[in-house]
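Below: the structure, in structure tokens.
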Amino acid sequence: MGKIYVAGPLFTEGQRWLLERIDMVCREQGFDTYLPHRDAGVFDRDSDSSFFFEQDLRQLQESVAVVAVLNGDDVDSGTAWELGYFYAVKGGPIVGYIHDSRKPHPKAQLNPMVVNSLQALVHDLDALAAVLAGLRAGEG
């Protein structure tokens, strides 16, 4: 079926919990997944950052799609880099997930470079499942 790279900030327990829920939806739709904090570990200041960079880079290259959490005041810088890299190398598909009351009109409030790299922007897990079903069926 292919692998989906699940991108997003992973620095708090709540952020990791949301990424794990998104990962579960991807797997329920029949995709393999790469979830950085699960599969490579959590970076801390004593870690060798090159390990995480190389691991994530390889996984982006092997993935068929990216699902990215875009919540927050601004898109997480690592997530933005992953989106840009994947778009440049593969051209998509990239699915954005945003469920953030600070962004009632996300397409107008997100950076245009992020918005225009997305194949779809969803606001809940049910909508994400529907988009992924379309990808699985070859519609995306």
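Quick note on naming: the chains in the structure tokens go A, B, ... in the order shown, residues restart at 1 in each chain, and ligands are numbered from 1 in order of appearance.
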**Prompt:** Which neighbours of Arg27 of chain A fall inside 12 Å, counting only C-alpha atoms, when residues of the same chain fewer than 4 positions from it are skipped, and could you give them as an NGL selection string?
**Reply:** :A and (1-6 or 20-23 or 31-35 or 128-129 or 132-133 or 136)
**Message:** When you look at Pro9 of chain A with a cut-off of 10 Å (counting only C-alpha atoms), what residues show up, excluding the ones that are within fewer than 5 positions of it in the same chain? I need them as a list in words.
**Reply:**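 My reading of the contact set: Gly14, Gln15, Arg16, Leu18, Leu19, Pro36, His37, Ala68, Val69, Leu70, Asn71, Gly72, Val75, Asp76, Ser77, Gly78 and Thr79 of chain A.
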**Message:** When DSSP is applied to the backbone of this structure, which of segment 30-110 of chain A are assigned strand (DSSP E)? Write them out as number ranges by chain.
**Reply:** A: 32-34, 65-69, 94-97
**All residues 8 Å or closer to segment 117-127 of chain A, only C-alpha atoms, same chain fewer than 3 positions away omitted, as JSON, numbers by chain** = {"A": [22, 25, 83, 84, 87, 92, 93, 94, 95, 96, 97, 98, 99, 113, 114, 130, 131, 140]}
Per DSSP on the backbone, filter segment 38-131 of chain A down to the residues in helix (DSSP H, G or I) and report them as a PDB file with C-alpha atoms, in the first residue's frame.
```
ATOM      1  CA  ARG A  38       8.006   6.137  17.786  1.00  0.00           C
ATOM      2  CA  ASP A  39      10.398   4.947  15.118  1.00  0.00           C
ATOM      3  CA  SER A  49      20.796  15.470  15.810  1.00  0.00           C
ATOM      4  CA  SER A  50      22.328  14.043  12.622  1.00  0.00           C
ATOM      5  CA  PHE A  51      20.839  10.623  13.457  1.00  0.00           C
ATOM      6  CA  PHE A  52      17.316  12.064  13.527  1.00  0.00           C
ATOM      7  CA  PHE A  53      17.911  14.128  10.397  1.00  0.00           C
ATOM      8  CA  GLU A  54      19.223  11.171   8.375  1.00  0.00           C
ATOM      9  CA  GLN A  55      16.506   8.804   9.601  1.00  0.00           C
ATOM     10  CA  ASP A  56      13.691  11.262   8.846  1.00  0.00           C
ATOM     11  CA  LEU A  57      15.184  12.169   5.474  1.00  0.00           C
ATOM     12  CA  ARG A  58      15.360   8.504   4.425  1.00  0.00           C
ATOM     13  CA  GLN A  59      11.796   7.915   5.558  1.00  0.00           C
ATOM     14  CA  LEU A  60      10.529  10.939   3.617  1.00  0.00           C
ATOM     15  CA  GLN A  61      12.219   9.560   0.500  1.00  0.00           C
ATOM     16  CA  GLU A  62      10.574   6.151   1.022  1.00  0.00           C
ATOM     17  CA  SER A  77       9.665  24.651  11.671  1.00  0.00           C
ATOM     18  CA  GLY A  78      10.669  20.991  11.329  1.00  0.00           C
ATOM     19  CA  THR A  79       7.259  20.120   9.912  1.00  0.00           C
ATOM     20  CA  ALA A  80       7.498  22.999   7.428  1.00  0.00           C
ATOM     21  CA  TRP A  81      10.903  21.719   6.303  1.00  0.00           C
ATOM     22  CA  GLU A  82       9.567  18.167   5.895  1.00  0.00           C
ATOM     23  CA  LEU A  83       6.632  19.437   3.820  1.00  0.00           C
ATOM     24  CA  GLY A  84       8.891  21.509   1.585  1.00  0.00           C
ATOM     25  CA  TYR A  85      11.352  18.673   1.079  1.00  0.00           C
ATOM     26  CA  PHE A  86       8.645  16.126   0.286  1.00  0.00           C
ATOM     27  CA  TYR A  87       6.912  18.509  -2.094  1.00  0.00           C
ATOM     28  CA  ALA A  88      10.174  19.296  -3.897  1.00  0.00           C
ATOM     29  CA  VAL A  89      11.206  15.652  -4.224  1.00  0.00           C
ATOM     30  CA  LYS A  90       7.865  13.904  -4.725  1.00  0.00           C
ATOM     31  CA  PRO A 106      -6.866  28.132   8.078  1.00  0.00           C
ATOM     32  CA  LYS A 107      -6.457  28.616   4.338  1.00  0.00           C
ATOM     33  CA  ALA A 108      -6.359  32.364   4.887  1.00  0.00           C
ATOM     34  CA  GLN A 109      -4.256  32.154   8.044  1.00  0.00           C
ATOM     35  CA  PRO A 112       0.611  30.372   1.361  1.00  0.00           C
ATOM     36  CA  MET A 113       3.656  28.166   0.751  1.00  0.00           C
ATOM     37  CA  VAL A 114       2.193  25.578   3.137  1.00  0.00           C
ATOM     38  CA  VAL A 115      -1.405  25.843   1.901  1.00  0.00           C
ATOM     39  CA  LEU A 125      -9.932  12.482  11.986  1.00  0.00           C
ATOM     40  CA  ASP A 126     -13.040  11.355  10.072  1.00  0.00           C
ATOM     41  CA  ALA A 127     -12.203  13.737   7.226  1.00  0.00           C
ATOM     42  CA  LEU A 128      -8.619  12.480   7.296  1.00  0.00           C
ATOM     43  CA  ALA A 129      -9.848   8.890   6.970  1.00  0.00           C
ATOM     44  CA  ALA A 130     -11.969   9.866   3.947  1.00  0.00           C
ATOM     45  CA  VAL A 131      -9.047  11.571   2.197  1.00  0.00           C
TER      46      VAL A 131
END
```
**Prompt:** Suppose you want the space between atom CA of Leu135 of chain A and atom CA of Val66 of chain A; what is it in Å?
**Reply:**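 Interatomic distance, atom CA of Leu135 of chain A to atom CA of Val66 of chain A: 11.3 Å.
Across the model, the gap from atom CA of Pro104 of chain A to atom CA of Asp73 of chain A is 12.1 Å.
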**Request:** Return the single residue from A:Met24, A:Ala65, A:Ala137, A:Leu10 that is closest to Val42 of chain A, with distances computed using only C-alpha atoms.
**Result:**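 Residue with the minimum atom-to-atom distance to Val42 of chain A: A:Leu10.
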